[in-house]
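The next block is my_file.cif, given as mmCIF, N, CA, C and O atoms.
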```cif
data_input
loop_
_atom_site.label_atom_id
_atom_site.label_comp_id
_atom_site.auth_asym_id
_atom_site.auth_seq_id
_atom_site.Cartn_x
_atom_site.Cartn_y
_atom_site.Cartn_z
N MET F 1 0.84 -1.18 0.00
CA MET F 1 0.00 0.00 0.00
C MET F 1 0.88 1.25 0.00
O MET F 1 1.83 1.36 0.76
N ALA F 2 0.56 2.16 -0.86
CA ALA F 2 1.32 3.40 -0.98
C ALA F 2 1.09 4.28 0.24
O ALA F 2 0.00 4.26 0.83
N PRO F 3 2.10 5.03 0.63
CA PRO F 3 1.91 5.94 1.76
C PRO F 3 0.87 7.01 1.43
O PRO F 3 0.68 7.38 0.28
N SER F 4 0.20 7.51 2.46
CA SER F 4 -0.78 8.57 2.26
C SER F 4 -0.08 9.84 1.79
O SER F 4 1.14 9.98 1.91
N GLU F 5 -0.88 10.74 1.26
CA GLU F 5 -0.31 12.02 0.81
C GLU F 5 0.33 12.76 1.98
O GLU F 5 1.39 13.37 1.84
N ALA F 6 -0.31 12.70 3.14
CA ALA F 6 0.24 13.38 4.32
C ALA F 6 1.56 12.75 4.74
O ALA F 6 2.51 13.45 5.08
N ALA F 7 1.64 11.42 4.69
CA ALA F 7 2.89 10.74 5.06
C ALA F 7 3.99 11.06 4.06
O ALA F 7 5.14 11.30 4.45
N GLN F 8 3.65 11.09 2.78
CA GLN F 8 4.63 11.44 1.77
C GLN F 8 5.08 12.89 1.93
O GLN F 8 6.26 13.21 1.81
N CYS F 9 4.12 13.77 2.22
CA CYS F 9 4.44 15.18 2.44
C CYS F 9 5.38 15.32 3.64
O CYS F 9 6.35 16.07 3.58
N GLN F 10 5.08 14.59 4.70
CA GLN F 10 5.92 14.67 5.90
C GLN F 10 7.34 14.20 5.58
O GLN F 10 8.32 14.83 6.00
N ALA F 11 7.47 13.11 4.81
CA ALA F 11 8.80 12.63 4.42
C ALA F 11 9.52 13.67 3.57
O ALA F 11 10.71 13.92 3.75
N ASP F 12 8.80 14.29 2.65
CA ASP F 12 9.38 15.35 1.82
C ASP F 12 9.82 16.53 2.66
O ASP F 12 10.89 17.13 2.42
N MET F 13 9.01 16.89 3.65
CA MET F 13 9.34 18.03 4.51
C MET F 13 10.57 17.74 5.36
O MET F 13 11.39 18.64 5.62
N ILE F 14 10.73 16.51 5.80
CA ILE F 14 11.92 16.13 6.57
C ILE F 14 13.16 16.30 5.69
O ILE F 14 14.18 16.86 6.12
N ALA F 15 13.07 15.84 4.45
CA ALA F 15 14.20 15.99 3.51
C ALA F 15 14.47 17.46 3.23
O ALA F 15 15.63 17.89 3.21
N ALA F 16 13.41 18.24 3.02
CA ALA F 16 13.58 19.67 2.75
C ALA F 16 14.19 20.38 3.96
O ALA F 16 15.07 21.24 3.80
N ALA F 17 13.76 20.03 5.16
CA ALA F 17 14.29 20.66 6.37
C ALA F 17 15.78 20.37 6.51
O ALA F 17 16.55 21.25 6.92
N LYS F 18 16.21 19.17 6.16
CA LYS F 18 17.63 18.85 6.24
C LYS F 18 18.43 19.74 5.29
O LYS F 18 19.46 20.29 5.66
N VAL F 19 17.93 19.90 4.07
CA VAL F 19 18.63 20.74 3.10
C VAL F 19 18.64 22.20 3.56
O VAL F 19 19.67 22.87 3.49
N VAL F 20 17.51 22.69 4.06
CA VAL F 20 17.44 24.06 4.56
C VAL F 20 18.44 24.26 5.69
O VAL F 20 19.19 25.25 5.71
N ASN F 21 18.49 23.32 6.62
CA ASN F 21 19.44 23.44 7.73
C ASN F 21 20.88 23.37 7.26
O ASN F 21 21.74 24.08 7.79
N ASP F 22 21.16 22.55 6.25
CA ASP F 22 22.51 22.50 5.67
C ASP F 22 22.89 23.86 5.06
O ASP F 22 24.01 24.33 5.22
N ILE F 23 21.94 24.46 4.35
CA ILE F 23 22.20 25.77 3.74
C ILE F 23 22.42 26.83 4.81
O ILE F 23 23.36 27.63 4.73
N LEU F 24 21.57 26.82 5.84
CA LEU F 24 21.74 27.80 6.93
C LEU F 24 23.09 27.63 7.61
O LEU F 24 23.76 28.62 7.93
N GLN F 25 23.50 26.40 7.80
CA GLN F 25 24.80 26.14 8.41
C GLN F 25 25.93 26.66 7.51
O GLN F 25 26.87 27.30 7.98
N ALA F 26 25.81 26.41 6.22
CA ALA F 26 26.84 26.89 5.28
C ALA F 26 26.90 28.41 5.27
O ALA F 26 28.00 29.00 5.23
N LEU F 27 25.74 29.06 5.29
CA LEU F 27 25.73 30.52 5.32
C LEU F 27 26.41 31.07 6.56
O LEU F 27 27.04 32.13 6.52
N GLY F 28 26.30 30.34 7.66
CA GLY F 28 26.91 30.78 8.91
C GLY F 28 28.43 30.69 8.90
O GLY F 28 29.10 31.31 9.73
N THR F 29 28.99 29.95 7.96
CA THR F 29 30.44 29.82 7.92
C THR F 29 31.14 30.98 7.22
O THR F 29 32.34 31.13 7.34
N VAL F 30 30.38 31.80 6.50
CA VAL F 30 31.00 32.86 5.71
C VAL F 30 31.39 34.09 6.54
O VAL F 30 32.52 34.58 6.40
N PRO F 31 30.52 34.65 7.39
CA PRO F 31 30.88 35.89 8.09
C PRO F 31 32.21 35.85 8.84
O PRO F 31 32.93 36.86 8.83
N PRO F 32 32.61 34.74 9.46
CA PRO F 32 33.92 34.76 10.11
C PRO F 32 35.09 34.98 9.15
O PRO F 32 36.18 35.34 9.57
N LEU F 33 34.85 34.80 7.86
CA LEU F 33 35.90 35.02 6.87
C LEU F 33 36.08 36.50 6.52
O LEU F 33 37.08 36.88 5.91
N PHE F 34 35.10 37.33 6.89
CA PHE F 34 35.21 38.76 6.63
C PHE F 34 36.26 39.34 7.57
O PHE F 34 36.44 38.90 8.68
N GLY F 35 36.93 40.34 7.13
CA GLY F 35 37.90 41.00 7.99
C GLY F 35 39.17 41.32 7.22
O GLY F 35 39.33 41.00 6.04
N ASP F 36 40.08 41.93 7.91
CA ASP F 36 41.31 42.42 7.30
C ASP F 36 42.22 41.31 6.77
O ASP F 36 43.04 41.55 5.90
N HIS F 37 42.09 40.11 7.29
CA HIS F 37 43.01 39.05 6.89
C HIS F 37 42.64 38.40 5.55
O HIS F 37 43.44 37.68 4.98
N THR F 38 41.43 38.64 5.04
CA THR F 38 41.05 38.04 3.76
C THR F 38 40.96 39.05 2.62
O THR F 38 41.34 38.75 1.51
N TRP F 39 40.43 40.25 2.92
CA TRP F 39 40.24 41.25 1.87
C TRP F 39 40.05 42.58 2.56
O TRP F 39 39.29 42.68 3.53
N GLN F 40 40.68 43.60 2.08
CA GLN F 40 40.62 44.90 2.74
C GLN F 40 40.16 45.98 1.78
O GLN F 40 40.31 45.85 0.57
N GLY F 41 39.60 47.02 2.36
CA GLY F 41 39.26 48.19 1.57
C GLY F 41 37.77 48.37 1.34
O GLY F 41 36.94 47.58 1.79
N LEU F 42 37.47 49.44 0.64
CA LEU F 42 36.09 49.81 0.37
C LEU F 42 35.35 48.71 -0.39
O LEU F 42 34.19 48.38 -0.08
N SER F 43 35.99 48.13 -1.39
CA SER F 43 35.34 47.07 -2.17
C SER F 43 34.97 45.89 -1.27
O SER F 43 33.89 45.31 -1.41
N ALA F 44 35.86 45.54 -0.38
CA ALA F 44 35.58 44.43 0.55
C ALA F 44 34.41 44.78 1.45
O ALA F 44 33.52 43.94 1.68
N ASP F 45 34.38 45.99 1.95
CA ASP F 45 33.29 46.42 2.83
C ASP F 45 31.96 46.43 2.09
O ASP F 45 30.93 46.00 2.62
N GLN F 46 31.97 46.92 0.85
CA GLN F 46 30.75 46.97 0.06
C GLN F 46 30.25 45.55 -0.26
O GLN F 46 29.06 45.27 -0.19
N TRP F 47 31.16 44.67 -0.62
CA TRP F 47 30.78 43.29 -0.92
C TRP F 47 30.20 42.63 0.32
O TRP F 47 29.15 41.98 0.25
N ALA F 48 30.84 42.80 1.46
CA ALA F 48 30.36 42.21 2.70
C ALA F 48 28.98 42.75 3.07
O ALA F 48 28.09 41.99 3.50
N SER F 49 28.77 44.03 2.88
CA SER F 49 27.48 44.64 3.18
C SER F 49 26.38 44.05 2.29
O SER F 49 25.30 43.69 2.75
N GLY F 50 26.66 43.96 1.00
CA GLY F 50 25.70 43.36 0.07
C GLY F 50 25.43 41.90 0.39
O GLY F 50 24.29 41.44 0.35
N TRP F 51 26.49 41.18 0.70
CA TRP F 51 26.34 39.76 1.03
C TRP F 51 25.48 39.60 2.27
O TRP F 51 24.59 38.74 2.31
N ASN F 52 25.74 40.40 3.27
CA ASN F 52 24.95 40.31 4.51
C ASN F 52 23.47 40.61 4.26
O ASN F 52 22.60 39.97 4.86
N ALA F 53 23.18 41.56 3.41
CA ALA F 53 21.79 41.89 3.09
C ALA F 53 21.12 40.72 2.37
O ALA F 53 19.99 40.34 2.71
N ARG F 54 21.80 40.15 1.39
CA ARG F 54 21.23 38.99 0.68
C ARG F 54 21.11 37.79 1.59
O ARG F 54 20.13 37.05 1.54
N ARG F 55 22.09 37.60 2.45
CA ARG F 55 22.05 36.49 3.41
C ARG F 55 20.85 36.64 4.33
O ARG F 55 20.13 35.66 4.59
N ALA F 56 20.59 37.83 4.81
CA ALA F 56 19.45 38.06 5.70
C ALA F 56 18.14 37.72 5.00
O ALA F 56 17.25 37.09 5.60
N GLN F 57 18.01 38.11 3.74
CA GLN F 57 16.80 37.78 2.98
C GLN F 57 16.65 36.27 2.81
O GLN F 57 15.56 35.71 2.96
N LEU F 58 17.73 35.61 2.50
CA LEU F 58 17.70 34.17 2.30
C LEU F 58 17.38 33.44 3.60
O LEU F 58 16.58 32.50 3.62
N VAL F 59 17.98 33.87 4.69
CA VAL F 59 17.71 33.25 5.99
C VAL F 59 16.23 33.41 6.35
O VAL F 59 15.59 32.47 6.83
N THR F 60 15.68 34.58 6.11
CA THR F 60 14.26 34.82 6.37
C THR F 60 13.40 33.87 5.55
O THR F 60 12.46 33.25 6.07
N LEU F 61 13.71 33.74 4.28
CA LEU F 61 12.96 32.84 3.40
C LEU F 61 13.09 31.38 3.85
O LEU F 61 12.08 30.66 3.92
N LEU F 62 14.29 30.94 4.16
CA LEU F 62 14.48 29.56 4.58
C LEU F 62 13.78 29.27 5.90
O LEU F 62 13.20 28.18 6.08
N ASN F 63 13.81 30.21 6.82
CA ASN F 63 13.10 30.02 8.08
C ASN F 63 11.59 29.96 7.86
O ASN F 63 10.88 29.23 8.54
N ALA F 64 11.09 30.71 6.88
CA ALA F 64 9.67 30.65 6.54
C ALA F 64 9.30 29.27 6.00
O ALA F 64 8.23 28.74 6.31
N VAL F 65 10.18 28.70 5.19
CA VAL F 65 9.95 27.34 4.68
C VAL F 65 9.80 26.37 5.85
O VAL F 65 8.87 25.56 5.89
N LEU F 66 10.70 26.45 6.81
CA LEU F 66 10.63 25.57 7.98
C LEU F 66 9.35 25.81 8.79
O LEU F 66 8.72 24.86 9.25
N ALA F 67 8.98 27.06 8.94
CA ALA F 67 7.80 27.40 9.75
C ALA F 67 6.50 26.95 9.09
O ALA F 67 5.53 26.63 9.78
N GLU F 68 6.47 26.92 7.77
CA GLU F 68 5.24 26.54 7.05
C GLU F 68 5.03 25.04 6.97
O GLU F 68 3.91 24.58 6.71
N GLN F 69 6.05 24.27 7.19
CA GLN F 69 5.94 22.82 7.04
C GLN F 69 4.84 22.19 7.90
O GLN F 69 4.04 21.41 7.38
N PRO F 70 4.74 22.50 9.19
CA PRO F 70 3.68 21.87 9.99
C PRO F 70 2.27 22.19 9.49
O PRO F 70 1.39 21.31 9.51
N GLN F 71 2.05 23.42 9.00
CA GLN F 71 0.73 23.77 8.49
C GLN F 71 0.39 22.98 7.23
O GLN F 71 -0.74 22.55 7.05
N LEU F 72 1.37 22.78 6.36
CA LEU F 72 1.13 22.02 5.14
C LEU F 72 0.76 20.57 5.47
O LEU F 72 -0.19 20.01 4.90
N ILE F 73 1.50 19.99 6.37
CA ILE F 73 1.22 18.60 6.77
C ILE F 73 -0.15 18.52 7.44
O ILE F 73 -0.94 17.62 7.13
N ALA F 74 -0.45 19.45 8.32
CA ALA F 74 -1.74 19.45 9.02
C ALA F 74 -2.90 19.57 8.04
O ALA F 74 -3.93 18.90 8.21
N ARG F 75 -2.76 20.40 7.01
CA ARG F 75 -3.82 20.53 6.01
C ARG F 75 -4.06 19.22 5.27
O ARG F 75 -5.20 18.83 5.03
N LEU F 76 -2.99 18.55 4.90
CA LEU F 76 -3.15 17.27 4.21
C LEU F 76 -3.75 16.22 5.13
O LEU F 76 -4.60 15.43 4.70
N GLU F 77 -3.33 16.20 6.38
CA GLU F 77 -3.90 15.24 7.33
C GLU F 77 -5.40 15.49 7.52
O GLU F 77 -6.19 14.55 7.56
N GLU F 78 -5.78 16.76 7.62
CA GLU F 78 -7.20 17.10 7.78
C GLU F 78 -7.98 16.70 6.54
O GLU F 78 -9.10 16.15 6.64
N ALA F 79 -7.45 16.94 5.37
CA ALA F 79 -8.12 16.55 4.13
C ALA F 79 -8.29 15.03 4.07
O ALA F 79 -9.34 14.54 3.65
N GLU F 80 -7.30 14.30 4.51
CA GLU F 80 -7.39 12.84 4.53
C GLU F 80 -8.47 12.37 5.52
O GLU F 80 -9.21 11.44 5.24
N ARG F 81 -8.52 13.03 6.69
CA ARG F 81 -9.57 12.66 7.69
C ARG F 81 -10.95 12.91 7.12
O ARG F 81 -11.86 12.09 7.28
N ARG F 82 -11.12 14.06 6.46
CA ARG F 82 -12.43 14.37 5.87
C ARG F 82 -12.78 13.37 4.77
O ARG F 82 -13.94 12.96 4.65
N LYS F 83 -11.81 12.99 3.99
CA LYS F 83 -12.04 12.04 2.91
C LYS F 83 -12.46 10.67 3.48
O LYS F 83 -13.36 10.03 2.97
N LEU F 84 -11.81 10.24 4.55
CA LEU F 84 -12.15 8.96 5.18
C LEU F 84 -13.52 9.02 5.85
O LEU F 84 -14.23 8.01 5.90
N ALA F 85 -13.90 10.19 6.35
CA ALA F 85 -15.18 10.34 7.05
C ALA F 85 -16.35 10.37 6.05
O ALA F 85 -17.49 10.12 6.44
N SER F 86 -16.10 10.67 4.79
CA SER F 86 -17.19 10.78 3.82
C SER F 86 -17.64 9.44 3.32
O SER F 86 -17.10 8.45 3.32
#
```
How does the structure come out when it is put into structure tokens?
Amino acid sequence: MAPSEAAQCQADMIAAAKVVNDILQALGTVPPLFGDHTWQGLSADQWASGWNARRAQLVTLLNAVLAEQPQLIARLEEAERRKLAS
């Protein structure tokens, strides 16, 4: 018997959460590289500023993906319950 849509969704969300967490971890490794020992000057400061802004947007988006997962699973579970009750 094939897994239910909710079970498949939950498995997909677990896989997606792992990838999201891997990306967040990778993003966290970059800021310690900023500083005088890797690149100096106005260009370095401008690049770091732009990178930090893009990083913040990406972190917000990835955290939203994680936050939405329980609602998606709950909706599918509710739809399955309604379908079984009919």
Which of these, F:Ser4, F:Thr38, F:Gln46, F:Gln10, has the shortest distance to Leu72 (chain F) once you count only C-alpha atoms?
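Selected residue with least distance to Leu72 (chain F): F:Gln10.
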Running DSSP on the backbone, which parts of chain F land in alpha helix (DSSP H), as a short mmCIF file (atom, residue, chain, number, x, y, z; two decimals) with N, CA, C and O atoms, in the frame of the given file?
```
data_model
loop_
_atom_site.label_atom_id
_atom_site.label_comp_id
_atom_site.auth_asym_id
_atom_site.auth_seq_id
_atom_site.Cartn_x
_atom_site.Cartn_y
_atom_site.Cartn_z
N GLU F 5 -0.88 10.74 1.26
CA GLU F 5 -0.31 12.02 0.81
C GLU F 5 0.33 12.76 1.98
O GLU F 5 1.39 13.37 1.84
N ALA F 6 -0.31 12.70 3.14
CA ALA F 6 0.24 13.38 4.32
C ALA F 6 1.56 12.75 4.74
O ALA F 6 2.51 13.45 5.08
N ALA F 7 1.64 11.42 4.69
CA ALA F 7 2.89 10.74 5.06
C ALA F 7 3.99 11.06 4.06
O ALA F 7 5.14 11.30 4.45
N GLN F 8 3.65 11.09 2.78
CA GLN F 8 4.63 11.44 1.77
C GLN F 8 5.08 12.89 1.93
O GLN F 8 6.26 13.21 1.81
N CYS F 9 4.12 13.77 2.22
CA CYS F 9 4.44 15.18 2.44
C CYS F 9 5.38 15.32 3.64
O CYS F 9 6.35 16.07 3.58
N GLN F 10 5.08 14.59 4.70
CA GLN F 10 5.92 14.67 5.90
C GLN F 10 7.34 14.20 5.58
O GLN F 10 8.32 14.83 6.00
N ALA F 11 7.47 13.11 4.81
CA ALA F 11 8.80 12.63 4.42
C ALA F 11 9.52 13.67 3.57
O ALA F 11 10.71 13.92 3.75
N ASP F 12 8.80 14.29 2.65
CA ASP F 12 9.38 15.35 1.82
C ASP F 12 9.82 16.53 2.66
O ASP F 12 10.89 17.13 2.42
N MET F 13 9.01 16.89 3.65
CA MET F 13 9.34 18.03 4.51
C MET F 13 10.57 17.74 5.36
O MET F 13 11.39 18.64 5.62
N ILE F 14 10.73 16.51 5.80
CA ILE F 14 11.92 16.13 6.57
C ILE F 14 13.16 16.30 5.69
O ILE F 14 14.18 16.86 6.12
N ALA F 15 13.07 15.84 4.45
CA ALA F 15 14.20 15.99 3.51
C ALA F 15 14.47 17.46 3.23
O ALA F 15 15.63 17.89 3.21
N ALA F 16 13.41 18.24 3.02
CA ALA F 16 13.58 19.67 2.75
C ALA F 16 14.19 20.38 3.96
O ALA F 16 15.07 21.24 3.80
N ALA F 17 13.76 20.03 5.16
CA ALA F 17 14.29 20.66 6.37
C ALA F 17 15.78 20.37 6.51
O ALA F 17 16.55 21.25 6.92
N LYS F 18 16.21 19.17 6.16
CA LYS F 18 17.63 18.85 6.24
C LYS F 18 18.43 19.74 5.29
O LYS F 18 19.46 20.29 5.66
N VAL F 19 17.93 19.90 4.07
CA VAL F 19 18.63 20.74 3.10
C VAL F 19 18.64 22.20 3.56
O VAL F 19 19.67 22.87 3.49
N VAL F 20 17.51 22.69 4.06
CA VAL F 20 17.44 24.06 4.56
C VAL F 20 18.44 24.26 5.69
O VAL F 20 19.19 25.25 5.71
N ASN F 21 18.49 23.32 6.62
CA ASN F 21 19.44 23.44 7.73
C ASN F 21 20.88 23.37 7.26
O ASN F 21 21.74 24.08 7.79
N ASP F 22 21.16 22.55 6.25
CA ASP F 22 22.51 22.50 5.67
C ASP F 22 22.89 23.86 5.06
O ASP F 22 24.01 24.33 5.22
N ILE F 23 21.94 24.46 4.35
CA ILE F 23 22.20 25.77 3.74
C ILE F 23 22.42 26.83 4.81
O ILE F 23 23.36 27.63 4.73
N LEU F 24 21.57 26.82 5.84
CA LEU F 24 21.74 27.80 6.93
C LEU F 24 23.09 27.63 7.61
O LEU F 24 23.76 28.62 7.93
N GLN F 25 23.50 26.40 7.80
CA GLN F 25 24.80 26.14 8.41
C GLN F 25 25.93 26.66 7.51
O GLN F 25 26.87 27.30 7.98
N ALA F 26 25.81 26.41 6.22
CA ALA F 26 26.84 26.89 5.28
C ALA F 26 26.90 28.41 5.27
O ALA F 26 28.00 29.00 5.23
N LEU F 27 25.74 29.06 5.29
CA LEU F 27 25.73 30.52 5.32
C LEU F 27 26.41 31.07 6.56
O LEU F 27 27.04 32.13 6.52
N GLY F 28 26.30 30.34 7.66
CA GLY F 28 26.91 30.78 8.91
C GLY F 28 28.43 30.69 8.90
O GLY F 28 29.10 31.31 9.73
N LEU F 42 37.47 49.44 0.64
CA LEU F 42 36.09 49.81 0.37
C LEU F 42 35.35 48.71 -0.39
O LEU F 42 34.19 48.38 -0.08
N SER F 43 35.99 48.13 -1.39
CA SER F 43 35.34 47.07 -2.17
C SER F 43 34.97 45.89 -1.27
O SER F 43 33.89 45.31 -1.41
N ALA F 44 35.86 45.54 -0.38
CA ALA F 44 35.58 44.43 0.55
C ALA F 44 34.41 44.78 1.45
O ALA F 44 33.52 43.94 1.68
N ASP F 45 34.38 45.99 1.95
CA ASP F 45 33.29 46.42 2.83
C ASP F 45 31.96 46.43 2.09
O ASP F 45 30.93 46.00 2.62
N GLN F 46 31.97 46.92 0.85
CA GLN F 46 30.75 46.97 0.06
C GLN F 46 30.25 45.55 -0.26
O GLN F 46 29.06 45.27 -0.19
N TRP F 47 31.16 44.67 -0.62
CA TRP F 47 30.78 43.29 -0.92
C TRP F 47 30.20 42.63 0.32
O TRP F 47 29.15 41.98 0.25
N ALA F 48 30.84 42.80 1.46
CA ALA F 48 30.36 42.21 2.70
C ALA F 48 28.98 42.75 3.07
O ALA F 48 28.09 41.99 3.50
N SER F 49 28.77 44.03 2.88
CA SER F 49 27.48 44.64 3.18
C SER F 49 26.38 44.05 2.29
O SER F 49 25.30 43.69 2.75
N GLY F 50 26.66 43.96 1.00
CA GLY F 50 25.70 43.36 0.07
C GLY F 50 25.43 41.90 0.39
O GLY F 50 24.29 41.44 0.35
N TRP F 51 26.49 41.18 0.70
CA TRP F 51 26.34 39.76 1.03
C TRP F 51 25.48 39.60 2.27
O TRP F 51 24.59 38.74 2.31
N ASN F 52 25.74 40.40 3.27
CA ASN F 52 24.95 40.31 4.51
C ASN F 52 23.47 40.61 4.26
O ASN F 52 22.60 39.97 4.86
N ALA F 53 23.18 41.56 3.41
CA ALA F 53 21.79 41.89 3.09
C ALA F 53 21.12 40.72 2.37
O ALA F 53 19.99 40.34 2.71
N ARG F 54 21.80 40.15 1.39
CA ARG F 54 21.23 38.99 0.68
C ARG F 54 21.11 37.79 1.59
O ARG F 54 20.13 37.05 1.54
N ARG F 55 22.09 37.60 2.45
CA ARG F 55 22.05 36.49 3.41
C ARG F 55 20.85 36.64 4.33
O ARG F 55 20.13 35.66 4.59
N ALA F 56 20.59 37.83 4.81
CA ALA F 56 19.45 38.06 5.70
C ALA F 56 18.14 37.72 5.00
O ALA F 56 17.25 37.09 5.60
N GLN F 57 18.01 38.11 3.74
CA GLN F 57 16.80 37.78 2.98
C GLN F 57 16.65 36.27 2.81
O GLN F 57 15.56 35.71 2.96
N LEU F 58 17.73 35.61 2.50
CA LEU F 58 17.70 34.17 2.30
C LEU F 58 17.38 33.44 3.60
O LEU F 58 16.58 32.50 3.62
N VAL F 59 17.98 33.87 4.69
CA VAL F 59 17.71 33.25 5.99
C VAL F 59 16.23 33.41 6.35
O VAL F 59 15.59 32.47 6.83
N THR F 60 15.68 34.58 6.11
CA THR F 60 14.26 34.82 6.37
C THR F 60 13.40 33.87 5.55
O THR F 60 12.46 33.25 6.07
N LEU F 61 13.71 33.74 4.28
CA LEU F 61 12.96 32.84 3.40
C LEU F 61 13.09 31.38 3.85
O LEU F 61 12.08 30.66 3.92
N LEU F 62 14.29 30.94 4.16
CA LEU F 62 14.48 29.56 4.58
C LEU F 62 13.78 29.27 5.90
O LEU F 62 13.20 28.18 6.08
N ASN F 63 13.81 30.21 6.82
CA ASN F 63 13.10 30.02 8.08
C ASN F 63 11.59 29.96 7.86
O ASN F 63 10.88 29.23 8.54
N ALA F 64 11.09 30.71 6.88
CA ALA F 64 9.67 30.65 6.54
C ALA F 64 9.30 29.27 6.00
O ALA F 64 8.23 28.74 6.31
N VAL F 65 10.18 28.70 5.19
CA VAL F 65 9.95 27.34 4.68
C VAL F 65 9.80 26.37 5.85
O VAL F 65 8.87 25.56 5.89
N LEU F 66 10.70 26.45 6.81
CA LEU F 66 10.63 25.57 7.98
C LEU F 66 9.35 25.81 8.79
O LEU F 66 8.72 24.86 9.25
N ALA F 67 8.98 27.06 8.94
CA ALA F 67 7.80 27.40 9.75
C ALA F 67 6.50 26.95 9.09
O ALA F 67 5.53 26.63 9.78
N GLU F 68 6.47 26.92 7.77
CA GLU F 68 5.24 26.54 7.05
C GLU F 68 5.03 25.04 6.97
O GLU F 68 3.91 24.58 6.71
N GLN F 69 6.05 24.27 7.19
CA GLN F 69 5.94 22.82 7.04
C GLN F 69 4.84 22.19 7.90
O GLN F 69 4.04 21.41 7.38
N PRO F 70 4.74 22.50 9.19
CA PRO F 70 3.68 21.87 9.99
C PRO F 70 2.27 22.19 9.49
O PRO F 70 1.39 21.31 9.51
N GLN F 71 2.05 23.42 9.00
CA GLN F 71 0.73 23.77 8.49
C GLN F 71 0.39 22.98 7.23
O GLN F 71 -0.74 22.55 7.05
N LEU F 72 1.37 22.78 6.36
CA LEU F 72 1.13 22.02 5.14
C LEU F 72 0.76 20.57 5.47
O LEU F 72 -0.19 20.01 4.90
N ILE F 73 1.50 19.99 6.37
CA ILE F 73 1.22 18.60 6.77
C ILE F 73 -0.15 18.52 7.44
O ILE F 73 -0.94 17.62 7.13
N ALA F 74 -0.45 19.45 8.32
CA ALA F 74 -1.74 19.45 9.02
C ALA F 74 -2.90 19.57 8.04
O ALA F 74 -3.93 18.90 8.21
N ARG F 75 -2.76 20.40 7.01
CA ARG F 75 -3.82 20.53 6.01
C ARG F 75 -4.06 19.22 5.27
O ARG F 75 -5.20 18.83 5.03
N LEU F 76 -2.99 18.55 4.90
CA LEU F 76 -3.15 17.27 4.21
C LEU F 76 -3.75 16.22 5.13
O LEU F 76 -4.60 15.43 4.70
N GLU F 77 -3.33 16.20 6.38
CA GLU F 77 -3.90 15.24 7.33
C GLU F 77 -5.40 15.49 7.52
O GLU F 77 -6.19 14.55 7.56
N GLU F 78 -5.78 16.76 7.62
CA GLU F 78 -7.20 17.10 7.78
C GLU F 78 -7.98 16.70 6.54
O GLU F 78 -9.10 16.15 6.64
N ALA F 79 -7.45 16.94 5.37
CA ALA F 79 -8.12 16.55 4.13
C ALA F 79 -8.29 15.03 4.07
O ALA F 79 -9.34 14.54 3.65
N GLU F 80 -7.30 14.30 4.51
CA GLU F 80 -7.39 12.84 4.53
C GLU F 80 -8.47 12.37 5.52
O GLU F 80 -9.21 11.44 5.24
N ARG F 81 -8.52 13.03 6.69
CA ARG F 81 -9.57 12.66 7.69
C ARG F 81 -10.95 12.91 7.12
O ARG F 81 -11.86 12.09 7.28
N ARG F 82 -11.12 14.06 6.46
CA ARG F 82 -12.43 14.37 5.87
C ARG F 82 -12.78 13.37 4.77
O ARG F 82 -13.94 12.96 4.65
N LYS F 83 -11.81 12.99 3.99
CA LYS F 83 -12.04 12.04 2.91
C LYS F 83 -12.46 10.67 3.48
O LYS F 83 -13.36 10.03 2.97
N LEU F 84 -11.81 10.24 4.55
CA LEU F 84 -12.15 8.96 5.18
C LEU F 84 -13.52 9.02 5.85
O LEU F 84 -14.23 8.01 5.90
N ALA F 85 -13.90 10.19 6.35
CA ALA F 85 -15.18 10.34 7.05
C ALA F 85 -16.35 10.37 6.05
O ALA F 85 -17.49 10.12 6.44
#
```
Test item: the PyMOL selection byres (((chain F and resi 62 and name CA) around 10) and name CA) resolved as a list of chain:residue names
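In the shown coordinates, the PyMOL selection byres (((chain F and resi 62 and name CA) around 10) and name CA) covers F:Ala17, F:Val19, F:Val20, F:Asn21, F:Ile23, F:Leu24, F:Ala56, F:Gln57, F:Leu58, F:Val59, F:Thr60, F:Leu61, F:Asn63, F:Ala64, F:Val65, F:Leu66, F:Ala67.
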Quick one: distance from CA of Asn52 (chain F) to CA of Pro31 (chain F) in Å, one decimal?
8.2 Å
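Taking CA of Gln25 (chain F) as the reference point, CA of Ala53 (chain F) is found at 16.9 Å.
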Distance of CA of Ala15 (chain F) from atom C of Gln71 (chain F), expressed in Å to one decimal place:
15.9 Å
Determine the nearest neighbour of Pro70 (chain F) from the options F:Gln40, F:Met13, F:Thr29, F:Gly50, counting all atoms listed in the file.
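Smallest distance to Pro70 (chain F) is found for F:Met13.
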Considering only C-alpha atoms, state which residue in the set F:Ala48, F:Val30, F:Ile73, F:Leu42 is at the smallest distance from Ala7 (chain F).
F:Ile73
